[in-house]
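> So here's work_17.txt (compact mmCIF, N, CA and C atoms).
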# COMPACT_ATOMS: atom_id res chain seq x y z
N ILE T 858 9.90 51.71 22.76
CA ILE T 858 9.95 52.69 23.83
C ILE T 858 8.96 52.30 24.92
N SER T 859 7.81 51.78 24.54
CA SER T 859 6.81 51.37 25.52
C SER T 859 7.34 50.26 26.43
N VAL T 860 8.08 49.34 25.86
CA VAL T 860 8.64 48.26 26.66
C VAL T 860 9.66 48.80 27.65
N THR T 861 10.50 49.70 27.19
CA THR T 861 11.50 50.32 28.07
C THR T 861 10.79 51.06 29.20
N ASN T 862 9.72 51.76 28.88
CA ASN T 862 8.95 52.45 29.92
C ASN T 862 8.33 51.47 30.91
N LEU T 863 7.82 50.35 30.42
CA LEU T 863 7.25 49.34 31.30
C LEU T 863 8.31 48.78 32.24
N VAL T 864 9.45 48.40 31.69
CA VAL T 864 10.53 47.84 32.50
C VAL T 864 10.97 48.86 33.55
N ASN T 865 11.14 50.11 33.14
CA ASN T 865 11.53 51.15 34.09
C ASN T 865 10.48 51.36 35.17
N SER T 866 9.22 51.33 34.78
CA SER T 866 8.13 51.50 35.75
C SER T 866 8.14 50.39 36.80
N ILE T 867 8.34 49.18 36.34
CA ILE T 867 8.39 48.04 37.26
C ILE T 867 9.57 48.18 38.21
N LEU T 868 10.72 48.54 37.68
CA LEU T 868 11.91 48.68 38.52
C LEU T 868 11.74 49.80 39.55
N VAL T 869 11.21 50.93 39.12
CA VAL T 869 11.00 52.05 40.04
C VAL T 869 9.97 51.68 41.10
N PHE T 870 8.92 51.00 40.70
CA PHE T 870 7.89 50.56 41.65
C PHE T 870 8.51 49.66 42.72
N GLU T 871 9.32 48.73 42.30
CA GLU T 871 9.97 47.81 43.25
C GLU T 871 10.96 48.56 44.14
N GLN T 872 11.65 49.53 43.60
CA GLN T 872 12.59 50.31 44.40
C GLN T 872 11.84 51.16 45.44
N LYS T 873 10.76 51.79 45.02
CA LYS T 873 9.98 52.61 45.95
C LYS T 873 9.43 51.78 47.10
N ASN T 874 9.14 50.53 46.84
CA ASN T 874 8.64 49.64 47.88
C ASN T 874 9.78 48.88 48.57
N GLN T 875 10.98 49.33 48.33
CA GLN T 875 12.19 48.85 49.00
C GLN T 875 12.44 47.36 48.84
N ARG T 876 12.12 46.83 47.68
CA ARG T 876 12.39 45.42 47.42
C ARG T 876 13.65 45.23 46.57
N ILE T 877 14.08 46.29 45.89
CA ILE T 877 15.33 46.25 45.12
C ILE T 877 16.02 47.61 45.26
N ARG T 878 17.28 47.62 44.87
CA ARG T 878 18.02 48.87 44.76
C ARG T 878 18.46 48.99 43.31
N LEU T 879 18.12 50.11 42.71
CA LEU T 879 18.55 50.33 41.33
C LEU T 879 20.02 50.69 41.31
N SER T 880 20.65 50.34 40.22
CA SER T 880 22.08 50.57 40.05
C SER T 880 22.30 51.52 38.88
N HIS T 881 23.50 52.06 38.81
CA HIS T 881 23.86 52.84 37.63
C HIS T 881 24.25 51.92 36.47
N ASP T 882 24.43 50.65 36.79
CA ASP T 882 24.77 49.64 35.79
C ASP T 882 23.49 49.05 35.22
N LYS T 883 23.27 49.30 33.96
CA LYS T 883 22.03 48.86 33.30
C LYS T 883 21.86 47.35 33.34
N SER T 884 22.94 46.61 33.16
CA SER T 884 22.84 45.15 33.14
C SER T 884 22.37 44.61 34.50
N GLN T 885 22.80 45.24 35.59
CA GLN T 885 22.33 44.81 36.92
C GLN T 885 20.83 45.08 37.07
N ASN T 886 20.38 46.20 36.55
CA ASN T 886 18.95 46.52 36.62
C ASN T 886 18.13 45.54 35.80
N LEU T 887 18.64 45.14 34.65
CA LEU T 887 17.92 44.17 33.82
C LEU T 887 17.91 42.80 34.49
N GLU T 888 18.96 42.44 35.21
CA GLU T 888 18.97 41.19 35.97
C GLU T 888 17.92 41.25 37.08
N ALA T 889 17.81 42.41 37.74
CA ALA T 889 16.78 42.58 38.77
C ALA T 889 15.40 42.43 38.14
N PHE T 890 15.21 42.98 36.95
CA PHE T 890 13.93 42.87 36.26
C PHE T 890 13.58 41.40 36.02
N LYS T 891 14.57 40.61 35.61
CA LYS T 891 14.32 39.18 35.36
C LYS T 891 13.76 38.50 36.61
N SER T 892 14.31 38.84 37.76
CA SER T 892 13.84 38.20 38.99
C SER T 892 12.45 38.69 39.37
N ILE T 893 12.10 39.90 39.01
CA ILE T 893 10.78 40.46 39.32
C ILE T 893 9.70 39.86 38.42
N CYS T 894 10.06 39.48 37.21
CA CYS T 894 9.09 38.93 36.26
C CYS T 894 8.26 37.81 36.88
N GLN T 895 8.91 36.93 37.62
CA GLN T 895 8.19 35.81 38.24
C GLN T 895 7.11 36.30 39.19
N LYS T 896 7.42 37.32 39.98
CA LYS T 896 6.45 37.86 40.94
C LYS T 896 5.22 38.39 40.24
N ILE T 897 5.41 38.94 39.05
CA ILE T 897 4.32 39.58 38.32
C ILE T 897 3.57 38.57 37.46
N ASP T 898 4.01 37.32 37.46
CA ASP T 898 3.43 36.25 36.64
C ASP T 898 3.74 36.42 35.16
N ILE T 899 4.85 37.06 34.88
CA ILE T 899 5.34 37.13 33.50
C ILE T 899 6.24 35.91 33.32
N SER T 900 5.91 35.07 32.35
CA SER T 900 6.67 33.84 32.15
C SER T 900 8.09 34.14 31.68
N GLU T 901 8.95 33.15 31.80
CA GLU T 901 10.34 33.33 31.38
C GLU T 901 10.45 33.66 29.88
N PRO T 902 9.71 32.97 29.00
CA PRO T 902 9.78 33.34 27.58
C PRO T 902 9.28 34.78 27.32
N GLU T 903 8.22 35.18 28.03
CA GLU T 903 7.71 36.54 27.86
C GLU T 903 8.74 37.56 28.36
N CYS T 904 9.35 37.27 29.49
CA CYS T 904 10.37 38.15 30.05
C CYS T 904 11.54 38.28 29.08
N SER T 905 11.95 37.17 28.50
CA SER T 905 13.05 37.19 27.52
C SER T 905 12.70 38.05 26.32
N LEU T 906 11.45 37.94 25.86
CA LEU T 906 11.03 38.76 24.73
C LEU T 906 10.97 40.24 25.09
N LEU T 907 10.55 40.55 26.30
CA LEU T 907 10.55 41.96 26.74
C LEU T 907 11.97 42.51 26.74
N LEU T 908 12.90 41.72 27.24
CA LEU T 908 14.30 42.16 27.26
C LEU T 908 14.86 42.26 25.83
N GLU T 909 14.42 41.37 24.98
CA GLU T 909 14.83 41.44 23.57
C GLU T 909 14.33 42.75 22.93
N MET T 910 13.11 43.13 23.30
CA MET T 910 12.56 44.38 22.77
C MET T 910 13.34 45.58 23.28
N VAL T 911 13.76 45.56 24.53
CA VAL T 911 14.57 46.65 25.07
C VAL T 911 15.88 46.75 24.29
N GLU T 912 16.49 45.60 24.06
CA GLU T 912 17.75 45.56 23.31
C GLU T 912 17.54 46.05 21.87
N LEU T 913 16.45 45.64 21.28
CA LEU T 913 16.13 46.05 19.91
C LEU T 913 15.93 47.56 19.83
N ASN T 914 15.29 48.13 20.83
CA ASN T 914 15.10 49.58 20.87
C ASN T 914 16.45 50.29 20.92
N GLU T 915 17.37 49.77 21.70
CA GLU T 915 18.71 50.37 21.79
C GLU T 915 19.42 50.28 20.45
N LYS T 916 19.34 49.13 19.82
CA LYS T 916 19.96 48.97 18.50
C LYS T 916 19.35 49.96 17.51
N HIS T 917 18.04 50.09 17.58
CA HIS T 917 17.34 51.00 16.67
C HIS T 917 17.79 52.44 16.87
N GLN T 918 17.95 52.85 18.13
CA GLN T 918 18.37 54.22 18.41
C GLN T 918 19.79 54.48 17.93
N LYS T 919 20.65 53.47 17.98
CA LYS T 919 22.05 53.62 17.56
C LYS T 919 22.22 53.44 16.05
N SER T 920 21.20 52.92 15.42
CA SER T 920 21.28 52.58 14.01
C SER T 920 21.39 53.82 13.12
N PRO T 921 22.28 53.77 12.15
CA PRO T 921 22.37 54.88 11.22
C PRO T 921 21.23 54.91 10.20
N SER T 922 20.59 53.73 10.02
CA SER T 922 19.56 53.67 8.99
C SER T 922 18.60 52.51 9.23
N GLU T 923 17.38 52.68 8.72
CA GLU T 923 16.40 51.60 8.75
C GLU T 923 15.50 51.77 7.53
N PHE T 924 14.92 50.70 7.09
CA PHE T 924 14.03 50.77 5.94
C PHE T 924 13.10 49.57 5.95
N MET T 925 12.06 49.64 5.13
CA MET T 925 11.10 48.54 5.01
C MET T 925 11.28 47.86 3.67
N ARG T 926 11.11 46.55 3.70
CA ARG T 926 11.17 45.77 2.46
C ARG T 926 10.30 44.54 2.64
N ASN T 927 9.33 44.38 1.78
CA ASN T 927 8.45 43.21 1.81
C ASN T 927 7.86 42.96 3.20
N GLU T 928 7.25 43.97 3.77
CA GLU T 928 6.60 43.89 5.08
C GLU T 928 7.56 43.49 6.20
N LYS T 929 8.82 43.84 6.05
CA LYS T 929 9.82 43.62 7.09
C LYS T 929 10.51 44.95 7.36
N ILE T 930 10.86 45.14 8.62
CA ILE T 930 11.66 46.31 8.97
C ILE T 930 13.10 45.84 9.08
N LEU T 931 13.98 46.51 8.38
CA LEU T 931 15.39 46.17 8.40
C LEU T 931 16.14 47.31 9.08
N ILE T 932 16.87 46.98 10.12
CA ILE T 932 17.64 47.97 10.87
C ILE T 932 19.11 47.70 10.61
N LEU T 933 19.80 48.68 10.07
CA LEU T 933 21.22 48.56 9.79
C LEU T 933 21.98 48.78 11.09
N LEU T 934 22.72 47.75 11.54
CA LEU T 934 23.46 47.85 12.80
C LEU T 934 24.87 48.37 12.58
N ASP T 935 25.51 47.90 11.56
CA ASP T 935 26.80 48.42 11.13
C ASP T 935 26.94 48.07 9.65
N ASN T 936 28.10 48.15 9.12
CA ASN T 936 28.26 47.92 7.68
C ASN T 936 27.95 46.49 7.24
N THR T 937 27.96 45.56 8.18
CA THR T 937 27.77 44.16 7.78
C THR T 937 26.56 43.48 8.41
N LYS T 938 25.95 44.08 9.43
CA LYS T 938 24.86 43.42 10.14
C LYS T 938 23.54 44.15 9.97
N ILE T 939 22.48 43.35 9.82
CA ILE T 939 21.14 43.91 9.68
C ILE T 939 20.21 43.12 10.60
N GLU T 940 19.41 43.84 11.37
CA GLU T 940 18.38 43.22 12.23
C GLU T 940 17.06 43.27 11.47
N THR T 941 16.39 42.13 11.35
CA THR T 941 15.14 42.05 10.62
C THR T 941 13.99 41.82 11.58
N ILE T 942 12.95 42.61 11.42
CA ILE T 942 11.74 42.46 12.23
C ILE T 942 10.59 42.19 11.28
N THR T 943 10.00 41.03 11.42
CA THR T 943 8.86 40.68 10.57
C THR T 943 7.57 41.20 11.20
N LEU T 944 6.53 41.21 10.41
CA LEU T 944 5.22 41.64 10.89
C LEU T 944 4.73 40.70 12.00
N GLU T 945 4.96 39.41 11.84
CA GLU T 945 4.55 38.44 12.86
C GLU T 945 5.30 38.65 14.17
N LYS T 946 6.58 38.93 14.08
CA LYS T 946 7.37 39.17 15.29
C LYS T 946 6.89 40.44 15.98
N LEU T 947 6.58 41.45 15.21
CA LEU T 947 6.08 42.71 15.76
C LEU T 947 4.74 42.49 16.46
N LYS T 948 3.87 41.69 15.86
CA LYS T 948 2.57 41.37 16.48
C LYS T 948 2.76 40.62 17.79
N SER T 949 3.68 39.68 17.82
CA SER T 949 3.92 38.94 19.07
C SER T 949 4.49 39.87 20.14
N PHE T 950 5.36 40.79 19.75
CA PHE T 950 5.89 41.78 20.70
C PHE T 950 4.74 42.60 21.31
N ILE T 951 3.85 43.05 20.47
CA ILE T 951 2.73 43.89 20.93
C ILE T 951 1.83 43.10 21.88
N ASN T 952 1.53 41.86 21.54
CA ASN T 952 0.68 41.03 22.40
C ASN T 952 1.32 40.78 23.76
N ILE T 953 2.61 40.49 23.77
CA ILE T 953 3.31 40.26 25.03
C ILE T 953 3.39 41.54 25.85
N LEU T 954 3.60 42.65 25.18
CA LEU T 954 3.63 43.93 25.88
C LEU T 954 2.28 44.22 26.54
N LYS T 955 1.20 44.05 25.81
CA LYS T 955 -0.15 44.27 26.37
C LYS T 955 -0.39 43.38 27.57
N SER T 956 -0.07 42.11 27.41
CA SER T 956 -0.27 41.14 28.49
C SER T 956 0.57 41.51 29.72
N SER T 957 1.79 41.92 29.51
CA SER T 957 2.68 42.27 30.61
C SER T 957 2.21 43.52 31.34
N ILE T 958 1.69 44.47 30.61
CA ILE T 958 1.15 45.69 31.23
C ILE T 958 -0.02 45.31 32.13
N GLU T 959 -0.90 44.45 31.65
CA GLU T 959 -2.04 44.02 32.45
C GLU T 959 -1.60 43.25 33.70
N LYS T 960 -0.62 42.39 33.54
CA LYS T 960 -0.11 41.63 34.68
C LYS T 960 0.50 42.56 35.71
N PHE T 961 1.20 43.60 35.27
CA PHE T 961 1.79 44.56 36.20
C PHE T 961 0.70 45.35 36.93
N LYS T 962 -0.35 45.72 36.22
CA LYS T 962 -1.48 46.42 36.86
C LYS T 962 -2.09 45.55 37.96
N ILE T 963 -2.31 44.29 37.66
CA ILE T 963 -2.88 43.36 38.64
C ILE T 963 -1.93 43.20 39.82
N TYR T 964 -0.65 43.07 39.55
CA TYR T 964 0.36 42.93 40.61
C TYR T 964 0.34 44.13 41.55
N LYS T 965 0.30 45.32 40.98
CA LYS T 965 0.29 46.53 41.81
C LYS T 965 -0.94 46.57 42.70
N GLU T 966 -2.09 46.22 42.16
CA GLU T 966 -3.33 46.25 42.93
C GLU T 966 -3.34 45.16 43.99
N ARG T 967 -2.80 44.01 43.68
CA ARG T 967 -2.81 42.88 44.59
C ARG T 967 -1.89 43.10 45.78
N LYS T 968 -0.76 43.71 45.54
CA LYS T 968 0.23 43.87 46.59
C LYS T 968 0.04 45.12 47.42
N PHE T 969 -0.56 46.15 46.81
CA PHE T 969 -0.59 47.43 47.52
C PHE T 969 -1.90 48.14 47.34
Would you mind writing the file out in structure tokens?

Amino acid sequence: ISVTNLVNSILVFEQKNQRIRLSHDKSQNLEAFKSICQKIDISEPECSLLLEMVELNEKHQKSPSEFMRNEKILILLDNTKIETITLEKLKSFINILKSSIEKFKIYKERKF
């Protein structure tokens, strides 16, 4: 949820400063976010991971079930698919999120 809030904050900030126009189409907004990442000094791999986290959050919200097993979070996507999140992957997500929040703070102060 924090990643989704960060992405939304960045998009709204850019819209308020008239650099982008938000769309009702989520995929267009995420494409706009990708182009903004460079301005904020968020690297392409970091940007990809942020978008992966947004997608993972959506999967989690739609999921009928989730559970933990051997320090892994397993999210049931449908009857045949399971998304696995390891502790290491979760730690990397958190580190990238923290770094991206700081980069966005610096960007806001630098530009305005």
> Please, what distance in Å, to one decimal, runs between CA of Thr943 in chain T and atom C of Leu931 in chain T?
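Separating CA of Thr943 in chain T from atom C of Leu931 in chain T is a distance of 10.0 Å.
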> Which residues, written as a short mmCIF file (atom, residue, chain, number, x, y, z; two decimals) with N, CA and C atoms, in the coordinates of the input, have at least one atom at most 8 Å from Lys891 in chain T, with only N, CA and C atoms counted and residues fewer than 5 positions away on the same chain left out?

data_model
loop_
_atom_site.label_atom_id
_atom_site.label_comp_id
_atom_site.auth_asym_id
_atom_site.auth_seq_id
_atom_site.Cartn_x
_atom_site.Cartn_y
_atom_site.Cartn_z
N GLN T 885 22.80 45.24 35.59
CA GLN T 885 22.33 44.81 36.92
C GLN T 885 20.83 45.08 37.07
N ASN T 886 20.38 46.20 36.55
CA ASN T 886 18.95 46.52 36.62
C ASN T 886 18.13 45.54 35.80
N LYS T 896 7.42 37.32 39.98
CA LYS T 896 6.45 37.86 40.94
C LYS T 896 5.22 38.39 40.24
N CYS T 904 9.35 37.27 29.49
CA CYS T 904 10.37 38.15 30.05
C CYS T 904 11.54 38.28 29.08
N SER T 905 11.95 37.17 28.50
CA SER T 905 13.05 37.19 27.52
C SER T 905 12.70 38.05 26.32
#
> Find the residues near Lys919 in chain T: any atom within 8 Å, counting all atoms listed in the file, skip ones fewer than 3 places away on the same chain, and give them as a short mmCIF file (atom, residue, chain, number, x, y, z; two decimals) with N, CA and C atoms, in the coordinates of the input.

data_model
loop_
_atom_site.label_atom_id
_atom_site.label_comp_id
_atom_site.auth_asym_id
_atom_site.auth_seq_id
_atom_site.Cartn_x
_atom_site.Cartn_y
_atom_site.Cartn_z
N LEU T 913 16.45 45.64 21.28
CA LEU T 913 16.13 46.05 19.91
C LEU T 913 15.93 47.56 19.83
N ASN T 914 15.29 48.13 20.83
CA ASN T 914 15.10 49.58 20.87
C ASN T 914 16.45 50.29 20.92
N GLU T 915 17.37 49.77 21.70
CA GLU T 915 18.71 50.37 21.79
C GLU T 915 19.42 50.28 20.45
N LYS T 916 19.34 49.13 19.82
CA LYS T 916 19.96 48.97 18.50
C LYS T 916 19.35 49.96 17.51
N SER T 922 20.59 53.73 10.02
CA SER T 922 19.56 53.67 8.99
C SER T 922 18.60 52.51 9.23
N LEU T 933 19.80 48.68 10.07
CA LEU T 933 21.22 48.56 9.79
C LEU T 933 21.98 48.78 11.09
N LEU T 934 22.72 47.75 11.54
CA LEU T 934 23.46 47.85 12.80
C LEU T 934 24.87 48.37 12.58
N ASP T 935 25.51 47.90 11.56
CA ASP T 935 26.80 48.42 11.13
C ASP T 935 26.94 48.07 9.65
#
> Determine, counting only C-alpha atoms, which protein, DNA and RNA residues have an atom within 6 Å of an atom of Ile897 in chain T; residues of the same chain fewer than 3 positions away are not included. Present the result as number ranges by chain.
T: 894, 961, 964
> Name the closest residue to Phe950 in chain T among the candidates T:Phe924, T:Ser880, T:Asn862, T:Glu909; distances are taken between atoms, counting only C-alpha atoms.
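So, comparing all the options, the nearest one is T:Glu909.
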> So, with only C-alpha atoms as the atoms that count, which of T:Glu923, T:Ser859, T:Val911, T:Gln895 lies closest to Ile958 in chain T?
T:Ser859
> In Å, with one decimal, what is the gap from atom N of Ile963 in chain T to atom N of Thr861 in chain T?
17.4 Å
> With distances taken over only C-alpha atoms, which residue among T:Ser900, T:Thr941, T:Ser866, T:Ser957 lies nearest Asn927 in chain T?
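Closest candidate: T:Thr941.
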> Could you pull out all residues of chain T with a DSSP call of strand (DSSP E or B) and give them as a count of residues only?
15
> Have a look at atom N of Glu903 in chain T and atom C of His881 in chain T and let me know their distance in Å, one decimal.
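Calculated distance between atom N of Glu903 in chain T and atom C of His881 in chain T is 24.7 Å.
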> Provide an axis-aligned box for all listed atoms of range 884-896 of chain T, padding each side by 6 Å; report its centre and its edge lengths in Å to one decimal, as AutoDock Vina command-line options.

--center_x 14.1 --center_y 41.2 --center_z 37.0 --size_x 29.7 --size_y 22.8 --size_z 19.8
> Which of these, T:Leu887, T:Leu907, T:Leu868, T:Met925, has the shortest distance to Leu954 in chain T once you count all atoms listed in the file?
T:Leu907
> Compare T:Glu940, T:Glu912, T:Glu945, T:Lys883 by their minimum atom-to-atom distance to Glu928 in chain T, counting all atoms listed in the file, and give me the closest one.
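Ranking T:Glu940, T:Glu912, T:Glu945, T:Lys883 by distance to Glu928 in chain T, first place goes to T:Glu945.
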